[in-house]
Every structure is written in structure tokens, then in C-alpha cells.
$ cat target-v9.txt   # compact mmCIF, C-alpha atoms
# COMPACT_ATOMS: atom_id res chain seq x y z
CA MET A 1 110.39 122.19 92.94
CA GLU A 2 109.83 118.47 92.81
CA LEU A 3 110.01 118.09 89.03
CA ASP A 4 112.86 120.51 88.30
CA GLY A 5 114.76 119.40 85.22
CA ARG A 6 112.14 116.85 84.16
CA VAL A 7 110.75 116.95 80.62
CA VAL A 8 107.05 116.19 80.16
CA VAL A 9 104.88 115.82 77.05
CA VAL A 10 101.13 116.38 77.40
CA THR A 11 99.14 115.38 74.33
CA GLY A 12 96.07 117.49 73.70
CA GLY A 13 97.53 119.95 76.19
CA THR A 14 96.30 123.15 74.60
CA ARG A 15 92.91 123.47 76.32
CA GLY A 16 90.58 121.95 78.89
CA VAL A 17 91.89 119.08 80.97
CA GLY A 18 95.13 118.91 78.99
CA ALA A 19 95.96 122.56 79.62
CA GLY A 20 95.20 122.07 83.32
CA ILE A 21 97.60 119.13 83.42
CA ALA A 22 100.29 121.12 81.61
CA ARG A 23 99.93 124.04 84.05
CA SER A 24 100.29 121.73 87.04
CA PHE A 25 103.51 120.28 85.63
CA LEU A 26 104.83 123.78 84.93
CA ALA A 27 104.08 124.79 88.51
CA ALA A 28 105.97 121.70 89.71
CA GLY A 29 109.07 122.84 87.80
CA ALA A 30 108.97 120.60 84.73
CA ASP A 31 109.72 121.65 81.17
CA VAL A 32 106.45 120.97 79.35
CA ILE A 33 105.73 120.37 75.68
CA VAL A 34 102.10 120.31 74.60
CA CYS A 35 100.96 118.99 71.25
CA ALA A 36 97.71 119.08 69.31
CA ARG A 37 96.57 119.53 65.74
CA ARG A 38 95.94 123.24 66.27
CA PRO A 39 97.78 125.82 68.40
CA PRO A 40 96.20 127.04 71.64
CA ASP A 41 94.08 130.19 71.63
CA GLN A 42 96.40 131.49 74.35
CA GLU A 43 99.72 130.28 75.70
CA VAL A 44 99.60 127.57 78.34
CA ALA A 45 101.47 129.06 81.29
CA ALA A 46 101.80 128.92 85.08
CA ASP A 47 103.97 130.69 87.61
CA GLY A 48 105.64 132.74 84.90
CA ARG A 49 106.64 129.66 82.91
CA LYS A 50 105.26 128.63 79.52
CA ALA A 51 104.70 125.30 77.79
CA ALA A 52 106.20 124.84 74.33
CA PHE A 53 103.75 123.91 71.58
CA THR A 54 104.29 121.60 68.62
CA PRO A 55 101.55 120.78 66.10
CA VAL A 56 101.06 117.07 65.47
CA ASP A 57 98.26 114.74 64.42
CA LEU A 58 98.56 111.83 66.83
CA ARG A 59 96.73 109.56 64.38
CA ASP A 60 99.68 109.89 61.96
CA PRO A 61 102.46 107.49 63.11
CA ALA A 62 105.12 109.20 60.99
CA ALA A 63 104.26 112.58 62.48
CA VAL A 64 104.37 111.11 65.98
CA HIS A 65 107.85 109.69 65.39
CA THR A 66 109.07 113.06 64.09
CA PHE A 67 107.57 114.82 67.09
CA PHE A 68 109.29 112.65 69.70
CA ASP A 69 112.59 112.74 67.79
CA THR A 70 112.38 116.53 67.92
CA VAL A 71 111.58 116.56 71.66
CA ALA A 72 114.53 114.25 72.40
CA HIS A 73 116.88 116.33 70.24
CA ARG A 74 115.87 119.63 71.82
CA HIS A 75 115.68 118.54 75.45
CA GLY A 76 117.95 115.52 75.61
CA ARG A 77 115.51 113.47 77.63
CA LEU A 78 111.86 112.59 78.25
CA ASP A 79 110.63 111.83 81.76
CA CYS A 80 106.86 111.60 81.42
CA LEU A 81 104.27 111.19 78.70
CA VAL A 82 100.70 112.15 79.57
CA ASN A 83 98.31 110.65 77.02
CA ASN A 84 95.47 113.12 77.37
CA ALA A 85 94.35 113.79 73.77
CA GLY A 86 90.94 112.33 73.01
CA GLY A 87 87.24 112.98 73.09
CA THR A 88 84.10 112.24 71.13
CA PRO A 89 80.89 113.84 69.87
CA TYR A 90 77.57 112.53 71.16
CA ARG A 91 76.47 109.90 68.65
CA LEU A 92 74.22 106.90 69.25
CA LEU A 93 75.54 103.69 67.73
CA GLY A 94 72.71 103.46 65.21
CA GLU A 95 73.22 107.03 64.04
CA GLY A 96 76.72 106.67 62.64
CA GLU A 97 78.57 104.39 60.30
CA ALA A 98 81.07 101.96 61.77
CA GLN A 99 83.90 103.98 60.26
CA ARG A 100 82.93 107.05 62.30
CA HIS A 101 82.93 105.06 65.51
CA ALA A 102 86.26 103.51 64.53
CA ARG A 103 87.77 106.99 64.27
CA VAL A 104 86.83 107.58 67.90
CA VAL A 105 88.62 104.38 68.90
CA GLU A 106 91.61 105.41 66.80
CA LEU A 107 91.97 108.73 68.62
CA ASN A 108 91.29 107.47 72.14
CA LEU A 109 93.10 104.12 72.08
CA LEU A 110 95.37 103.62 69.07
CA ALA A 111 96.89 107.12 69.22
CA PRO A 112 97.94 106.80 72.90
CA MET A 113 99.43 103.39 72.12
CA THR A 114 101.39 104.82 69.18
CA ALA A 115 102.65 107.73 71.28
CA SER A 116 103.67 105.46 74.15
CA LEU A 117 105.53 103.00 71.92
CA THR A 118 107.33 105.83 70.15
CA ALA A 119 108.32 107.55 73.41
CA TYR A 120 109.37 104.34 75.14
CA PRO A 121 113.13 104.39 74.35
CA TRP A 122 113.56 107.84 75.93
CA LEU A 123 111.26 107.06 78.85
CA ARG A 124 113.26 103.91 79.55
CA GLN A 125 116.52 105.84 79.46
CA ALA A 126 115.14 108.32 82.01
CA ARG A 127 113.34 105.62 84.05
CA GLY A 128 110.25 107.72 83.50
CA SER A 129 106.53 107.14 83.40
CA VAL A 130 103.38 107.20 81.30
CA VAL A 131 100.08 108.59 82.58
CA MET A 132 96.98 107.56 80.64
CA ILE A 133 93.95 109.83 80.97
CA GLY A 134 91.01 107.46 81.18
CA SER A 135 87.34 107.93 81.96
CA VAL A 136 84.57 106.44 84.03
CA SER A 137 82.92 105.93 80.63
CA GLY A 138 85.23 102.94 80.30
CA THR A 139 83.89 101.32 83.46
CA ARG A 140 80.11 101.72 82.98
CA PRO A 141 77.60 101.82 80.13
CA SER A 142 78.24 104.83 77.92
CA PRO A 143 75.12 105.46 75.78
CA GLY A 144 75.73 108.06 73.11
CA THR A 145 79.49 107.64 73.45
CA ALA A 146 79.81 103.86 73.23
CA ALA A 147 82.93 103.83 71.06
CA TYR A 148 84.59 106.29 73.41
CA GLY A 149 83.73 104.16 76.44
CA ALA A 150 85.05 101.05 74.73
CA ALA A 151 88.28 102.83 73.83
CA LYS A 152 88.78 104.09 77.39
CA ALA A 153 88.19 100.58 78.75
CA GLY A 154 90.86 99.33 76.37
CA LEU A 155 93.22 102.15 77.36
CA GLU A 156 93.05 101.20 81.02
CA ASN A 157 93.80 97.56 80.20
CA LEU A 158 96.62 98.62 77.87
CA ALA A 159 98.18 100.62 80.69
CA ARG A 160 98.16 97.62 83.01
CA SER A 161 99.83 95.44 80.39
CA MET A 162 102.42 98.11 79.62
CA ALA A 163 103.16 98.42 83.34
CA VAL A 164 104.08 94.72 83.46
CA GLU A 165 105.99 94.57 80.18
CA TRP A 166 107.97 97.76 80.75
CA ALA A 167 108.81 97.27 84.43
CA PRO A 168 111.06 98.14 86.13
CA ASP A 169 112.26 100.82 83.71
CA VAL A 170 109.00 102.65 82.98
CA ARG A 171 106.00 103.04 85.26
CA VAL A 172 102.55 103.21 83.64
CA ASN A 173 99.38 104.36 85.41
CA SER A 174 95.90 105.67 84.59
CA LEU A 175 93.79 108.50 85.89
CA VAL A 176 90.13 107.55 85.56
CA LEU A 177 88.23 110.80 85.30
CA GLY A 178 84.67 111.61 86.11
CA MET A 179 83.02 114.83 84.98
CA VAL A 180 85.30 117.85 84.56
CA ARG A 181 84.36 121.49 84.17
CA THR A 182 86.15 122.91 81.12
CA GLU A 183 85.40 125.58 78.54
CA LEU A 184 83.37 122.93 76.70
CA ALA A 185 81.28 121.85 79.70
CA HIS A 186 78.19 123.57 78.32
CA LEU A 187 78.18 121.17 75.36
CA HIS A 188 77.76 118.24 77.74
CA TYR A 189 75.77 119.68 80.65
CA GLY A 190 74.05 122.83 79.38
CA ASP A 191 74.05 126.31 80.92
CA GLU A 192 75.29 127.26 84.38
CA THR A 193 72.10 125.91 85.93
CA GLY A 194 72.64 122.56 84.21
CA ILE A 195 76.31 122.45 85.19
CA ALA A 196 75.44 123.17 88.83
CA ALA A 197 72.70 120.53 88.81
CA VAL A 198 75.04 117.92 87.37
CA GLY A 199 77.73 118.87 89.86
CA ALA A 200 75.26 118.37 92.70
CA THR A 201 74.94 114.69 91.72
CA VAL A 202 78.63 114.15 92.57
CA PRO A 203 79.24 113.19 96.21
CA LEU A 204 81.81 115.99 96.62
CA GLY A 205 79.23 118.44 95.29
CA ARG A 206 80.94 119.77 92.17
CA LEU A 207 82.57 118.86 88.89
CA ALA A 208 86.32 118.42 88.86
CA GLU A 209 88.48 121.31 87.73
CA PRO A 210 91.34 120.69 85.27
CA ALA A 211 93.77 121.53 88.08
CA ASP A 212 92.40 118.62 90.14
CA VAL A 213 93.41 116.28 87.34
CA GLY A 214 96.75 118.03 86.91
CA GLU A 215 97.73 117.60 90.55
CA ALA A 216 96.95 113.89 90.37
CA ALA A 217 99.04 113.54 87.20
CA VAL A 218 101.99 115.33 88.83
CA PHE A 219 101.77 112.93 91.77
CA LEU A 220 101.89 109.86 89.52
CA ALA A 221 104.88 111.27 87.63
CA SER A 222 106.78 112.24 90.76
CA ASP A 223 109.13 110.29 93.00
CA ARG A 224 106.34 110.15 95.59
CA ALA A 225 104.72 107.52 93.34
CA ALA A 226 107.93 105.56 92.76
CA TYR A 227 106.29 102.26 93.75
CA ILE A 228 103.00 102.85 91.93
CA SER A 229 102.63 101.20 88.54
CA GLY A 230 99.72 99.49 86.83
CA ALA A 231 97.32 101.47 88.99
CA SER A 232 94.06 103.22 88.11
CA LEU A 233 93.47 106.29 90.26
CA LEU A 234 89.84 107.41 90.36
CA VAL A 235 89.45 111.18 90.04
CA HIS A 236 85.67 111.42 90.12
CA GLY A 237 84.69 113.13 93.35
CA GLY A 238 83.27 109.96 94.88
CA GLY A 239 81.52 108.72 91.75
CA GLU A 240 77.79 108.82 91.16
CA ARG A 241 75.02 108.50 93.71
CA PRO A 242 73.18 105.21 92.98
CA ALA A 243 69.90 105.95 91.20
CA PHE A 244 67.95 103.41 93.28
CA LEU A 245 68.47 105.51 96.43
CA ASP A 246 66.39 108.32 94.95
CA ALA A 247 63.88 105.99 93.29
CA ALA A 248 63.09 104.02 96.45
CA THR A 249 60.14 105.06 98.62
CA VAL A 250 61.75 104.03 101.93
CA ASN A 251 64.89 104.94 103.90
CA LYS A 252 64.85 108.53 102.72
CA GLU A 253 67.13 111.12 104.30
CA ASN A 254 65.35 113.98 106.00
$ encode --input "target-v9.txt" --output "C-alpha cells"
Amino acid sequence: MELDGRVVVVTGGTRGVGAGIARSFLAAGADVIVCARRPPDQEVAADGRKAAFTPVDLRDPAAVHTFFDTVAHRHGRLDCLVNNAGGTPYRLLGEGEAQRHARVVELNLLAPMTASLTAYPWLRQARGSVVMIGSVSGTRPSPGTAAYGAAKAGLENLARSMAVEWAPDVRVNSLVLGMVRTELAHLHYGDETGIAAVGATVPLGRLAEPADVGEAAVFLASDRAAYISGASLLVHGGGERPAFLDAATVNKEN
């Protein structure tokens, strides 16, 4: 398989998008380590192979250093870091103190930076890569998740700067995700009727599956993407249909 012998870390890889990414790397032959604050409800596995789990709080720099030292000691190398851990509750700016919003930025921007800087020596040795998991929330207004959107915008810019500073030894790219169907989709879109209705607004007619994101991440980490660095790959099913098309009273489709 194309990633045989490669060692990959997926942060937040115990559920949802992160677990989908981890499974895709396992299927491609990589040895995968997933980390999160809490263990997965069930093992992350694919094709008879399992990801190793290590608990770590990515907002604790000392714990992050210990984690990557342990990975390097056990596996002898690190070929790819996927900075997937993140997320946010729905909270309007006026409904939370600045400190709460700052915690969202810490998790979605500062933690990936800390992980990347800590992993860099081993990634450089392996001539490996970093894959940032971004969001369309970083490219458009994000009401209710403003701090998250701001952090994701910063993450995409950070990836571009890293790609320049760390070239040619380490490639750095971003996946910019749209809406993804995970076990938590009901918290964002409602019941199955709501999820289907939201999916119908996407040009490709559905929400992404975690495996869709995983396959894109494997591509960016593989030799097929050897000349791709500093790029932002949109994984959003074609984006969002412009609202004015439905609001207008002319040029309607039959």
C-alpha cells in the first residue's frame, strides 16, 4: 500500500472526522497514532489494523512534548501530522466572556501550532508533511462560532507561512472542510430530516462523510502530492448555493 512503513499522528482522531482520517491512513498502510483527552468509545480500526491511542491535552505544551517524544521513541520516525483536533460550541459573541472565546482560539489555532512546532524535528528528518484541518468558517462570516472562524482563518494562514519557512524539508497543506456528517451532526443540523435538508443545499447533494476527508488527507500526505505545499484544498462538495439565486424573482429553473 502507498503509505506502508509511514508513521502518522492524527490529533482528535478518536471520533468523527478525526477517526475517519485515521481509518483512511490505516487502509493506506500507515501506522497511526491518535490522541485526544479521552479514549475512544471503540477502537479506531480499518482493514484489520488498529490505531494506537495516547491521551494528551493539546493545550498543555509539556504534555505535547512528552507525547511526540514517546511517538519518536516507539516508532523511530514521524512522517505526517494531521492537526484535526478542534471544535466549538454555538455561542454568540455577546453571550460569552472574552476568556471563553479565547479558549476556542487556543484549541483551534494555538494547539495545532504547538503540535506542529514540537513535531517539526522528526518531520524534517523524514521529509514529511503537516495537514491542517481547516473550515469554510474561516473564509466566510461565522455567526455563533466567530472565534472558531477566526481561528480557522488563522490556521490556514499559518499553514501557508509554515510551508514557506519549512520548505523543502516539510510540506504543509490545509484541507478546508464544509459540512460533515458525524455522530454529532444532529447537534448542528437537527434530526434526519434536518440533516437531509441541509445536505440538499450542497451542490453535490449531501454532507461529506469522514472518509471523504480521510481520502483527501491521505493524498496530501502521499508521494502523489510531492509538489504540493502551501495549498488549501476545498472539501465542501461545491460550496453553498448563493442565497440570491433563490431570493430573486427572475431566472428561475423549472
$ residues_around --input "target-v9.txt" --residues "A:Asp212" --least-positions-apart "6" --cutoff "12 Å" --atoms "all atoms listed in the file" --output "PyMOL selection string"
chain A and resi 16-24+175+177-182+206+218-219+234-237
$ closest_residue --input "target-v9.txt" --among "A:Leu233, A:Val250, A:Ala46, A:Val8" --to "A:Ser135" --atoms "only C-alpha atoms"
A:Leu233
$ closest_residue --input "target-v9.txt" --among "A:Glu165, A:Glu215, A:Glu209, A:Asp191" --to "A:Ser229" --atoms "all atoms listed in the file"
A:Glu165
$ closest_residue --input "target-v9.txt" --among "A:Arg171, A:Arg38, A:Arg59, A:Arg6" --to "A:Pro112" --atoms "all atoms listed in the file"
A:Arg59
$ atom_distance --input "target-v9.txt" --atom1 "atom CA of A:His73" --atom2 "atom CA of A:Arg127"
17.8 Å
$ atom_distance --input "target-v9.txt" --atom1 "atom CA of A:Pro168" --atom2 "atom CA of A:Thr70"
25.9 Å
$ atom_distance --input "target-v9.txt" --atom1 "atom CA of A:Val176" --atom2 "atom CA of A:Asn157"
11.9 Å
$ residues_around --input "target-v9.txt" --residues "stretch 139-143 of chain A" --least-positions-apart "5" --cutoff "10 Å" --atoms "all atoms listed in the file" --output "list in words"
Tyr90, Arg91, Leu92, Leu93, Gly134, Tyr148, Gly149, Ala150, Lys152, Ala153, Glu156 and Val176 of chain A
$ closest_residue --input "target-v9.txt" --among "A:Thr249, A:Ser161, A:Asn83, A:Ser129" --to "A:Leu109" --atoms "all atoms listed in the file"
A:Asn83
$ closest_residue --input "target-v9.txt" --among "A:Gly238, A:Gly230, A:Gly12, A:Gly190" --to "A:Gly205" --atoms "only C-alpha atoms"
A:Gly238
$ residues_around --input "target-v9.txt" --residues "A:Pro55" --least-positions-apart "6" --cutoff "10 Å" --atoms "all atoms listed in the file" --output "mmCIF file with C-alpha atoms, keeping the file's coordinate frame"
data_model
loop_
_atom_site.group_PDB
_atom_site.id
_atom_site.type_symbol
_atom_site.label_atom_id
_atom_site.label_comp_id
_atom_site.auth_asym_id
_atom_site.auth_seq_id
_atom_site.Cartn_x
_atom_site.Cartn_y
_atom_site.Cartn_z
ATOM 1 C CA GLY A 12 96.070 117.490 73.700
ATOM 2 C CA VAL A 34 102.100 120.310 74.600
ATOM 3 C CA CYS A 35 100.960 118.990 71.250
ATOM 4 C CA ALA A 36 97.710 119.080 69.310
ATOM 5 C CA ARG A 37 96.570 119.530 65.740
ATOM 6 C CA ARG A 38 95.940 123.240 66.270
ATOM 7 C CA PRO A 39 97.780 125.820 68.400
ATOM 8 C CA PRO A 40 96.200 127.040 71.640
ATOM 9 C CA ALA A 63 104.260 112.580 62.480
ATOM 10 C CA PHE A 67 107.570 114.820 67.090
#
$ closest_residue --input "target-v9.txt" --among "A:Asp60, A:Gly86, A:Ser174, A:Ala163" --to "A:Ala151" --atoms "all atoms listed in the file"
A:Gly86
$ residues_around --input "target-v9.txt" --residues "A:Leu58" --least-positions-apart "6" --cutoff "8 Å" --atoms "all atoms listed in the file" --output "number ranges by chain"
A: 36, 64, 107, 111-112, 114-115
$ decode --input "target-v9.txt" --residues "stretch 5-152 of chain A" --atoms "C-alpha atoms" --output "short mmCIF file (atom, residue, chain, number, x, y, z; two decimals), in the first residue's frame"
data_model
loop_
_atom_site.label_atom_id
_atom_site.label_comp_id
_atom_site.auth_asym_id
_atom_site.auth_seq_id
_atom_site.Cartn_x
_atom_site.Cartn_y
_atom_site.Cartn_z
CA GLY A 5 6.00 1.98 6.82
CA ARG A 6 4.90 5.59 7.31
CA VAL A 7 4.02 6.83 10.80
CA VAL A 8 1.11 9.26 11.12
CA VAL A 9 -0.30 11.17 14.09
CA VAL A 10 -3.93 12.31 13.94
CA THR A 11 -4.92 14.69 16.72
CA GLY A 12 -8.51 14.37 17.85
CA GLY A 13 -8.56 11.08 15.98
CA THR A 14 -10.89 9.16 18.27
CA ARG A 15 -14.24 10.08 16.71
CA GLY A 16 -15.95 11.95 13.89
CA VAL A 17 -13.76 13.45 11.20
CA GLY A 18 -10.57 12.52 13.04
CA ALA A 19 -11.50 8.84 13.24
CA GLY A 20 -12.39 8.88 9.55
CA ILE A 21 -8.97 10.33 8.75
CA ALA A 22 -7.24 7.74 10.92
CA ARG A 23 -9.12 4.89 9.22
CA SER A 24 -8.13 6.14 5.78
CA PHE A 25 -4.46 6.22 6.78
CA LEU A 26 -4.73 2.72 8.24
CA ALA A 27 -6.26 1.47 4.99
CA ALA A 28 -3.36 3.07 3.10
CA GLY A 29 -0.87 1.05 5.18
CA ALA A 30 0.37 3.65 7.66
CA ASP A 31 0.98 3.10 11.35
CA VAL A 32 -1.42 5.53 13.01
CA ILE A 33 -1.38 7.10 16.45
CA VAL A 34 -4.46 9.01 17.54
CA CYS A 35 -4.52 11.33 20.52
CA ALA A 36 -7.24 13.11 22.47
CA ARG A 37 -8.04 13.94 26.06
CA ARG A 38 -10.29 10.89 26.40
CA PRO A 39 -10.02 7.39 24.89
CA PRO A 40 -12.34 6.41 22.04
CA ASP A 41 -15.61 4.64 22.79
CA GLN A 42 -14.42 1.92 20.41
CA GLU A 43 -11.08 1.20 18.78
CA VAL A 44 -10.30 3.08 15.59
CA ALA A 45 -9.63 0.37 13.03
CA ALA A 46 -9.71 -0.40 9.30
CA ASP A 47 -8.83 -3.43 7.21
CA GLY A 48 -7.94 -5.44 10.30
CA ARG A 49 -5.46 -2.82 11.52
CA LYS A 50 -5.85 -0.63 14.60
CA ALA A 51 -4.70 2.86 15.54
CA ALA A 52 -2.77 3.27 18.78
CA PHE A 53 -4.23 5.72 21.28
CA THR A 54 -2.39 8.07 23.63
CA PRO A 55 -4.18 10.52 25.93
CA VAL A 56 -2.93 14.10 25.71
CA ASP A 57 -4.29 17.61 26.24
CA LEU A 58 -3.02 19.52 23.22
CA ARG A 59 -3.38 22.80 25.12
CA ASP A 60 -0.61 21.66 27.51
CA PRO A 61 2.79 22.26 25.81
CA ALA A 62 4.65 19.99 28.22
CA ALA A 63 2.23 17.14 27.55
CA VAL A 64 2.57 17.68 23.81
CA HIS A 65 6.36 17.46 24.02
CA THR A 66 6.13 14.23 26.03
CA PHE A 67 3.67 12.79 23.53
CA PHE A 68 5.86 13.38 20.48
CA ASP A 69 8.98 12.19 22.31
CA THR A 70 7.12 8.96 23.05
CA VAL A 71 5.97 8.57 19.43
CA ALA A 72 9.52 9.09 18.14
CA HIS A 73 10.96 6.64 20.68
CA ARG A 74 8.43 3.91 19.91
CA HIS A 75 8.32 4.24 16.13
CA GLY A 76 11.65 5.80 15.26
CA ARG A 77 10.14 8.29 12.85
CA LEU A 78 7.19 10.58 12.10
CA ASP A 79 6.03 11.11 8.53
CA CYS A 80 2.82 13.09 8.86
CA LEU A 81 0.99 15.15 11.44
CA VAL A 82 -2.71 15.76 10.87
CA ASN A 83 -3.89 18.65 13.04
CA ASN A 84 -7.55 17.72 13.29
CA ALA A 85 -8.43 18.35 16.96
CA GLY A 86 -10.74 21.31 17.42
CA GLY A 87 -14.34 22.40 17.54
CA THR A 88 -16.58 24.85 19.32
CA PRO A 89 -20.00 25.17 20.96
CA TYR A 90 -22.53 27.55 19.45
CA ARG A 91 -22.08 30.83 21.31
CA LEU A 92 -22.84 34.34 20.07
CA LEU A 93 -20.08 36.84 20.80
CA GLY A 94 -22.22 38.81 23.24
CA GLU A 95 -23.19 35.71 25.19
CA GLY A 96 -19.76 34.72 26.42
CA GLU A 97 -16.84 36.32 28.15
CA ALA A 98 -13.71 37.02 26.13
CA GLN A 99 -11.89 34.27 28.03
CA ARG A 100 -14.34 31.64 26.76
CA HIS A 101 -13.84 32.74 23.17
CA ALA A 102 -10.08 32.78 23.73
CA ARG A 103 -10.23 29.12 24.76
CA VAL A 104 -11.74 28.31 21.37
CA VAL A 105 -8.86 30.09 19.65
CA GLU A 106 -6.40 28.25 21.88
CA LEU A 107 -7.74 24.85 20.86
CA ASN A 108 -8.20 25.56 17.15
CA LEU A 109 -5.11 27.66 16.43
CA LEU A 110 -2.53 27.66 19.22
CA ALA A 111 -2.72 23.90 19.85
CA PRO A 112 -2.06 22.98 16.18
CA MET A 113 0.85 25.42 16.14
CA THR A 114 2.30 23.87 19.30
CA ALA A 115 1.92 20.36 17.90
CA SER A 116 3.49 21.30 14.58
CA LEU A 117 6.48 23.04 16.16
CA THR A 118 7.05 20.11 18.50
CA ALA A 119 6.81 17.53 15.71
CA TYR A 120 8.95 19.50 13.28
CA PRO A 121 12.37 17.92 14.01
CA TRP A 122 11.07 14.41 13.26
CA LEU A 123 9.02 15.55 10.27
CA ARG A 124 12.10 17.25 8.84
CA GLN A 125 14.17 14.11 9.33
CA ALA A 126 11.56 12.08 7.42
CA ARG A 127 10.91 14.84 4.85
CA GLY A 128 7.30 14.51 5.90
CA SER A 129 4.25 16.73 5.92
CA VAL A 130 1.65 18.51 8.01
CA VAL A 131 -2.05 18.54 7.13
CA MET A 132 -4.14 21.22 8.83
CA ILE A 133 -7.87 20.56 9.07
CA GLY A 134 -9.48 23.91 8.36
CA SER A 135 -13.05 25.00 7.75
CA VAL A 136 -15.11 27.15 5.43
CA SER A 137 -15.96 29.01 8.65
CA GLY A 138 -12.55 30.63 8.26
CA THR A 139 -13.40 32.02 4.83
CA ARG A 140 -16.89 33.47 5.44
CA PRO A 141 -18.85 35.09 8.28
CA SER A 142 -19.35 32.61 11.11
CA PRO A 143 -22.16 33.90 13.37
CA GLY A 144 -22.44 31.89 16.55
CA THR A 145 -18.95 30.49 16.08
CA ALA A 146 -16.98 33.67 15.43
CA ALA A 147 -13.94 32.72 17.49
CA TYR A 148 -13.80 29.35 15.74
CA GLY A 149 -13.99 31.00 12.32
CA ALA A 150 -11.25 33.45 13.25
CA ALA A 151 -9.05 30.61 14.50
CA LYS A 152 -9.56 28.59 11.31
#
